[in-house]
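Visitor: I am attaching a structure below and will ask some questions about it afterwards.
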Amino acid sequence: EWGRARAEPVLRKLQTPYTTNFRDRLALELYRTEYTVIEAVRTEVLHLNTPQHPEFPAPRQRGLTLTSLFDQAVQSEPISPRTAQEWRRMVEHFDRWLKGKPLEEVRRKDVQDYGIALRDGESLSGNTTSAKRINDGYLAAMRKAFRWAVDRELLSADPTSGVRIAPARGQQSAVKRPYTREEVYEILSMSRREEKPLRRWIPWLAAYTGARISELLNARKMDFGYTQGILYLNIREDAERGHFLKTSHSQRCVPIHPAVLQEGFIDYLNTLHEL
């Protein structure tokens with residue numbers, strides 16, 4: 001409160017929009033600066049022993065929760081709406097689990113204990129949770145919020161760093177069985193008899209591009225192009241259509257394999273209208 005009273009006149013003079021986090025950070029720095037100047041003058045003029053500069057904690061903000069940090073992180077660094085919605089529920093669950101403990105006091109042991117609690121049945125569903133679900137879901141969501149806050153000096157450390165939950169004894173992570181060569185041949189052969197375009201071409205594009213099914217289903221004619229005579233698919237986000245990629249690194253261009261072209265894909269592409 002002491003530093004805030006000095007920060008607000010400065011912000012009014014700047015006449016620029018600011019967030020509560022920015023105001024509180026400025027207040028803290030003004031407090032630190034004024035304290036340093038006062039102690040320097042005491043030492044130089046009054047020749048008094050200057051006590052060791054105290055370690056100032058990060059500003060305690062009323063109502064600061066990991067959920068509020070997550071919302072700001074997603075606004076600053078967008079992810080797909082579906083993932084954002086699911087992860088937010090997980091972050092809210094962690095906030096409730098903390099039972100009011102300040103975020104600055106959360107340590108790696110707290111995160112580890114939380115992960116074990118999830119594994120043992122304290123998840124959103126009330127059931128036991130696999131280690132993969134915890135690591136790739138709950139902890140990933142929490143890590144996004146903590147790292148965003150640390151990068152902006154709102155928190156001093158990310159307690160999720162290095163934390164990974166191991167499967168419970170006797171519990172094995174589910175492993176998806178890949179298709180056999182014979183199964184792939186059967187699927188692609190059956191697709192040749194399909195009349196519906198999606199059933200005809202999605203299996204072939206998936207097999208030869210490695211793209212996610214959602215990425216292929218959202219592709220339009222304008223997303224295909226040529227470079228040096230090679231046909232490619234530009235996998236990208238389209239916010240106006242509500243199409244978001246799973247991660248920011250998912251945007252890429254993928255060449256279309258000759259095997260797909262030999263099936264007549266270009267002829268099909270030429271029948272489509274521009275959208």
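Identifiers for the structure tokens are assigned positionally: chains receive A, B, ... in sequence, residues are indexed from 1 per chain, and ligands are indexed from 1 in the order shown.
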Per residue of segment 154-265 of chain A within 8 Å of segment 88-111 of chain A, note the shortest atom pair and the distance in Å to one decimal, counting only C-alpha atoms, and order the rows by chain and increasing residue number, as JSON lines.

Guide:
```
{"residue": "A:Leu155", "atom": "CA", "partner": "A:Glu104", "partner_atom": "CA", "distance": 6.2}
{"residue": "A:Ser156", "atom": "CA", "partner": "A:Glu104", "partner_atom": "CA", "distance": 7.1}
{"residue": "A:Ala157", "atom": "CA", "partner": "A:Glu104", "partner_atom": "CA", "distance": 7.8}
{"residue": "A:Pro159", "atom": "CA", "partner": "A:Arg108", "partner_atom": "CA", "distance": 4.5}
{"residue": "A:Thr160", "atom": "CA", "partner": "A:Arg108", "partner_atom": "CA", "distance": 6.0}
{"residue": "A:Ser161", "atom": "CA", "partner": "A:Arg108", "partner_atom": "CA", "distance": 7.5}
{"residue": "A:Val163", "atom": "CA", "partner": "A:Arg108", "partner_atom": "CA", "distance": 6.9}
```

Visitor: Near Ile165 of chain A, within 12 Å and counting only C-alpha atoms, which residues show up once chain neighbours fewer than 5 positions away are dropped, as a compact mmCIF listing (two decimals) with N, CA and C atoms, in the first residue's frame?

Guide:
```txt
# COMPACT_ATOMS: atom_id res chain seq x y z
N ARG A 108 8.12 -27.54 -5.05
CA ARG A 108 8.06 -28.74 -5.89
C ARG A 108 7.41 -29.90 -5.15
N LYS A 109 7.64 -29.99 -3.84
CA LYS A 109 7.03 -31.07 -3.06
C LYS A 109 5.51 -30.96 -3.09
N VAL A 111 3.72 -29.75 -5.53
CA VAL A 111 3.29 -30.20 -6.86
C VAL A 111 3.38 -31.72 -6.95
N GLN A 112 4.46 -32.27 -6.40
CA GLN A 112 4.63 -33.72 -6.40
C GLN A 112 3.50 -34.39 -5.60
N ASP A 113 3.19 -33.85 -4.44
CA ASP A 113 2.11 -34.40 -3.61
C ASP A 113 0.77 -34.31 -4.34
N TYR A 114 0.57 -33.20 -5.04
CA TYR A 114 -0.68 -33.03 -5.79
C TYR A 114 -0.79 -34.08 -6.90
N GLY A 115 0.32 -34.31 -7.62
CA GLY A 115 0.31 -35.31 -8.68
C GLY A 115 0.00 -36.70 -8.14
N ILE A 116 0.56 -37.03 -7.01
CA ILE A 116 0.30 -38.34 -6.40
C ILE A 116 -1.16 -38.44 -5.96
N ALA A 117 -1.69 -37.33 -5.44
CA ALA A 117 -3.10 -37.32 -5.04
C ALA A 117 -4.01 -37.55 -6.25
N LEU A 118 -3.67 -36.94 -7.38
CA LEU A 118 -4.43 -37.17 -8.61
C LEU A 118 -4.37 -38.64 -9.01
N ARG A 119 -3.17 -39.17 -8.95
CA ARG A 119 -2.98 -40.57 -9.34
C ARG A 119 -3.78 -41.52 -8.46
N ASP A 120 -3.95 -41.10 -7.19
CA ASP A 120 -4.64 -41.97 -6.23
C ASP A 120 -6.14 -41.75 -6.17
N THR A 129 -6.02 -41.55 -11.80
CA THR A 129 -5.59 -40.93 -13.06
C THR A 129 -4.25 -41.48 -13.47
N SER A 130 -4.08 -41.72 -14.75
CA SER A 130 -2.81 -42.26 -15.24
C SER A 130 -1.71 -41.21 -15.14
N ALA A 131 -0.48 -41.68 -15.04
CA ALA A 131 0.66 -40.77 -14.97
C ALA A 131 0.75 -39.90 -16.23
N LYS A 132 0.44 -40.47 -17.36
CA LYS A 132 0.48 -39.71 -18.62
C LYS A 132 -0.52 -38.56 -18.60
N ARG A 133 -1.72 -38.84 -18.11
CA ARG A 133 -2.75 -37.81 -18.02
C ARG A 133 -2.32 -36.69 -17.08
N ILE A 134 -1.69 -37.05 -16.00
CA ILE A 134 -1.23 -36.05 -15.02
C ILE A 134 -0.11 -35.20 -15.61
N ASN A 135 0.89 -35.85 -16.21
CA ASN A 135 2.05 -35.13 -16.73
C ASN A 135 1.71 -34.27 -17.94
N ASP A 136 0.93 -34.83 -18.86
CA ASP A 136 0.63 -34.14 -20.12
C ASP A 136 -0.59 -33.24 -20.02
N GLY A 137 -1.36 -33.39 -18.93
CA GLY A 137 -2.55 -32.58 -18.76
C GLY A 137 -2.43 -31.62 -17.59
N TYR A 138 -2.63 -32.13 -16.39
CA TYR A 138 -2.63 -31.28 -15.20
C TYR A 138 -1.33 -30.48 -15.04
N LEU A 139 -0.19 -31.17 -15.08
CA LEU A 139 1.08 -30.47 -14.85
C LEU A 139 1.43 -29.54 -16.01
N ALA A 140 1.08 -29.93 -17.22
CA ALA A 140 1.34 -29.06 -18.38
C ALA A 140 0.55 -27.77 -18.27
N THR A 160 6.73 -26.37 -10.76
CA THR A 160 6.45 -27.55 -11.57
C THR A 160 7.70 -28.02 -12.33
N SER A 173 1.39 -47.37 -18.11
CA SER A 173 0.78 -46.37 -18.98
C SER A 173 0.23 -47.03 -20.23
```

Visitor: Can you list every residue in segment 157-271 of chain A that DSSP puts in strand (DSSP E or B), as a PyMOL selection string?

Guide: chain A and resi 224-227+230-235+238+243+252-255

Visitor: Can you check which residues of segment 207-263 of chain A DSSP gives as helix (DSSP H, G or I) on the backbone and send them as a VMD selection string?

Guide: chain A and resid 207 to 209 213 to 217 221 to 223 239 to 241 248 to 250 258 to 262

Visitor: Produce a file of the selected residues containing N, CA, C and O atoms, as a PDB file, in the first residue's frame.

Guide:
```
ATOM      1  N   ALA A 207      -1.974 -41.112 -43.878  1.00  0.00           N
ATOM      2  CA  ALA A 207      -0.901 -42.105 -43.959  1.00  0.00           C
ATOM      3  C   ALA A 207       0.390 -41.513 -44.506  1.00  0.00           C
ATOM      4  O   ALA A 207       1.489 -41.901 -44.079  1.00  0.00           O
ATOM      5  N   TYR A 208       0.283 -40.561 -45.426  1.00  0.00           N
ATOM      6  CA  TYR A 208       1.478 -40.064 -46.110  1.00  0.00           C
ATOM      7  C   TYR A 208       1.924 -38.658 -45.685  1.00  0.00           C
ATOM      8  O   TYR A 208       2.925 -38.153 -46.201  1.00  0.00           O
ATOM      9  N   THR A 209       1.189 -38.013 -44.766  1.00  0.00           N
ATOM     10  CA  THR A 209       1.628 -36.704 -44.260  1.00  0.00           C
ATOM     11  C   THR A 209       1.941 -36.739 -42.764  1.00  0.00           C
ATOM     12  O   THR A 209       2.718 -35.915 -42.282  1.00  0.00           O
ATOM     13  N   ILE A 213      -5.781 -35.762 -37.721  1.00  0.00           N
ATOM     14  CA  ILE A 213      -7.045 -35.834 -38.455  1.00  0.00           C
ATOM     15  C   ILE A 213      -7.747 -34.477 -38.457  1.00  0.00           C
ATOM     16  O   ILE A 213      -8.283 -34.045 -39.481  1.00  0.00           O
ATOM     17  N   SER A 214      -7.736 -33.775 -37.324  1.00  0.00           N
ATOM     18  CA  SER A 214      -8.390 -32.464 -37.254  1.00  0.00           C
ATOM     19  C   SER A 214      -7.738 -31.469 -38.212  1.00  0.00           C
ATOM     20  O   SER A 214      -8.420 -30.616 -38.790  1.00  0.00           O
ATOM     21  N   GLU A 215      -6.422 -31.575 -38.392  1.00  0.00           N
ATOM     22  CA  GLU A 215      -5.720 -30.675 -39.313  1.00  0.00           C
ATOM     23  C   GLU A 215      -6.147 -30.933 -40.752  1.00  0.00           C
ATOM     24  O   GLU A 215      -6.291 -29.996 -41.542  1.00  0.00           O
ATOM     25  N   LEU A 216      -6.356 -32.200 -41.083  1.00  0.00           N
ATOM     26  CA  LEU A 216      -6.778 -32.546 -42.443  1.00  0.00           C
ATOM     27  C   LEU A 216      -8.227 -32.164 -42.686  1.00  0.00           C
ATOM     28  O   LEU A 216      -8.584 -31.673 -43.765  1.00  0.00           O
ATOM     29  N   LEU A 217      -9.074 -32.377 -41.696  1.00  0.00           N
ATOM     30  CA  LEU A 217     -10.498 -32.061 -41.850  1.00  0.00           C
ATOM     31  C   LEU A 217     -10.725 -30.561 -41.997  1.00  0.00           C
ATOM     32  O   LEU A 217     -11.707 -30.138 -42.608  1.00  0.00           O
ATOM     33  N   LYS A 221      -9.014 -25.796 -49.984  1.00  0.00           N
ATOM     34  CA  LYS A 221      -8.262 -25.794 -51.244  1.00  0.00           C
ATOM     35  C   LYS A 221      -7.164 -24.746 -51.219  1.00  0.00           C
ATOM     36  O   LYS A 221      -6.046 -24.986 -51.713  1.00  0.00           O
ATOM     37  N   MET A 222      -7.452 -23.589 -50.616  1.00  0.00           N
ATOM     38  CA  MET A 222      -6.470 -22.511 -50.571  1.00  0.00           C
ATOM     39  C   MET A 222      -5.254 -22.857 -49.698  1.00  0.00           C
ATOM     40  O   MET A 222      -4.231 -22.173 -49.750  1.00  0.00           O
ATOM     41  N   ASP A 223      -5.361 -23.935 -48.898  1.00  0.00           N
ATOM     42  CA  ASP A 223      -4.236 -24.343 -48.059  1.00  0.00           C
ATOM     43  C   ASP A 223      -3.225 -25.198 -48.815  1.00  0.00           C
ATOM     44  O   ASP A 223      -2.157 -25.520 -48.276  1.00  0.00           O
ATOM     45  N   ALA A 239      -8.282 -18.291 -37.126  1.00  0.00           N
ATOM     46  CA  ALA A 239      -9.088 -17.873 -35.981  1.00  0.00           C
ATOM     47  C   ALA A 239     -10.516 -17.528 -36.381  1.00  0.00           C
ATOM     48  O   ALA A 239     -11.454 -17.762 -35.620  1.00  0.00           O
ATOM     49  N   GLU A 240     -10.700 -16.978 -37.593  1.00  0.00           N
ATOM     50  CA  GLU A 240     -12.043 -16.600 -38.028  1.00  0.00           C
ATOM     51  C   GLU A 240     -12.960 -17.809 -38.149  1.00  0.00           C
ATOM     52  O   GLU A 240     -14.159 -17.719 -37.915  1.00  0.00           O
ATOM     53  N   ARG A 241     -12.396 -18.948 -38.505  1.00  0.00           N
ATOM     54  CA  ARG A 241     -13.180 -20.180 -38.639  1.00  0.00           C
ATOM     55  C   ARG A 241     -13.155 -21.006 -37.361  1.00  0.00           C
ATOM     56  O   ARG A 241     -13.751 -22.087 -37.299  1.00  0.00           O
ATOM     57  N   SER A 248       1.765 -24.175 -30.791  1.00  0.00           N
ATOM     58  CA  SER A 248       2.277 -23.131 -31.686  1.00  0.00           C
ATOM     59  C   SER A 248       3.275 -23.688 -32.688  1.00  0.00           C
ATOM     60  O   SER A 248       3.539 -23.077 -33.727  1.00  0.00           O
ATOM     61  N   HIS A 249       3.858 -24.851 -32.372  1.00  0.00           N
ATOM     62  CA  HIS A 249       4.846 -25.453 -33.271  1.00  0.00           C
ATOM     63  C   HIS A 249       4.187 -26.359 -34.325  1.00  0.00           C
ATOM     64  O   HIS A 249       4.891 -26.942 -35.139  1.00  0.00           O
ATOM     65  N   SER A 250       2.872 -26.460 -34.287  1.00  0.00           N
ATOM     66  CA  SER A 250       2.180 -27.355 -35.219  1.00  0.00           C
ATOM     67  C   SER A 250       2.025 -26.745 -36.603  1.00  0.00           C
ATOM     68  O   SER A 250       1.707 -27.457 -37.563  1.00  0.00           O
ATOM     69  N   PRO A 258       4.074 -38.614 -53.614  1.00  0.00           N
ATOM     70  CA  PRO A 258       3.709 -39.072 -54.963  1.00  0.00           C
ATOM     71  C   PRO A 258       2.653 -40.173 -54.962  1.00  0.00           C
ATOM     72  O   PRO A 258       1.843 -40.264 -55.898  1.00  0.00           O
ATOM     73  N   ALA A 259       2.639 -41.016 -53.921  1.00  0.00           N
ATOM     74  CA  ALA A 259       1.645 -42.093 -53.871  1.00  0.00           C
ATOM     75  C   ALA A 259       0.236 -41.526 -53.816  1.00  0.00           C
ATOM     76  O   ALA A 259      -0.695 -42.092 -54.404  1.00  0.00           O
ATOM     77  N   VAL A 260       0.057 -40.391 -53.129  1.00  0.00           N
ATOM     78  CA  VAL A 260      -1.260 -39.754 -53.051  1.00  0.00           C
ATOM     79  C   VAL A 260      -1.609 -39.132 -54.397  1.00  0.00           C
ATOM     80  O   VAL A 260      -2.757 -39.198 -54.856  1.00  0.00           O
ATOM     81  N   LEU A 261      -0.612 -38.545 -55.053  1.00  0.00           N
ATOM     82  CA  LEU A 261      -0.844 -37.933 -56.361  1.00  0.00           C
ATOM     83  C   LEU A 261      -1.230 -38.987 -57.399  1.00  0.00           C
ATOM     84  O   LEU A 261      -2.099 -38.751 -58.241  1.00  0.00           O
ATOM     85  N   GLN A 262      -0.608 -40.145 -57.317  1.00  0.00           N
ATOM     86  CA  GLN A 262      -0.910 -41.224 -58.264  1.00  0.00           C
ATOM     87  C   GLN A 262      -2.329 -41.748 -58.104  1.00  0.00           C
ATOM     88  O   GLN A 262      -2.876 -42.366 -59.023  1.00  0.00           O
TER      89      GLN A 262
END
```

Visitor: Given only C-alpha atoms as the basis, pick out the residue of A:Leu64, A:Ala5, A:Val184, A:Leu69 nearest to Ala27 of chain A.

Guide: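 The closest residue to Ala27 of chain A is A:Ala5.
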
Visitor: Applying 7 Å and only C-alpha atoms, which residues near segment 228-238 of chain A remain after dropping the ones on its own chain fewer than 5 positions away? List them as a list in words.

Guide: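 Once the adjacent positions are removed, what remains is Glu215, Asp223, His243, Phe244, Leu245, Gln251, Arg252, Cys253, Val254, Pro255 and Ile256 of chain A.
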
Visitor: Enter the distance from atom CA of Thr128 of chain A to atom CA of Asp158 of chain A, in Å, rounded to one decimal.

Guide: 25.7 Å

Visitor: Find, counting only C-alpha atoms, the residue in A:Thr180, A:Ser189, A:Ser80, A:Gln72 that gets nearest to Trp201 of chain A.

Guide: A:Ser189

Visitor: Hey, can you check how far atom CA of Met190 of chain A sits from atom CA of Pro203 of chain A?

Guide: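 Taking atom CA of Met190 of chain A and atom CA of Pro203 of chain A, their separation equals 9.7 Å.
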
Visitor: So the first atom is atom CA of Glu77 of chain A and the second is atom CA of Arg23 of chain A; what is the distance between them in Å, to one decimal place?

Guide: 21.6 Å
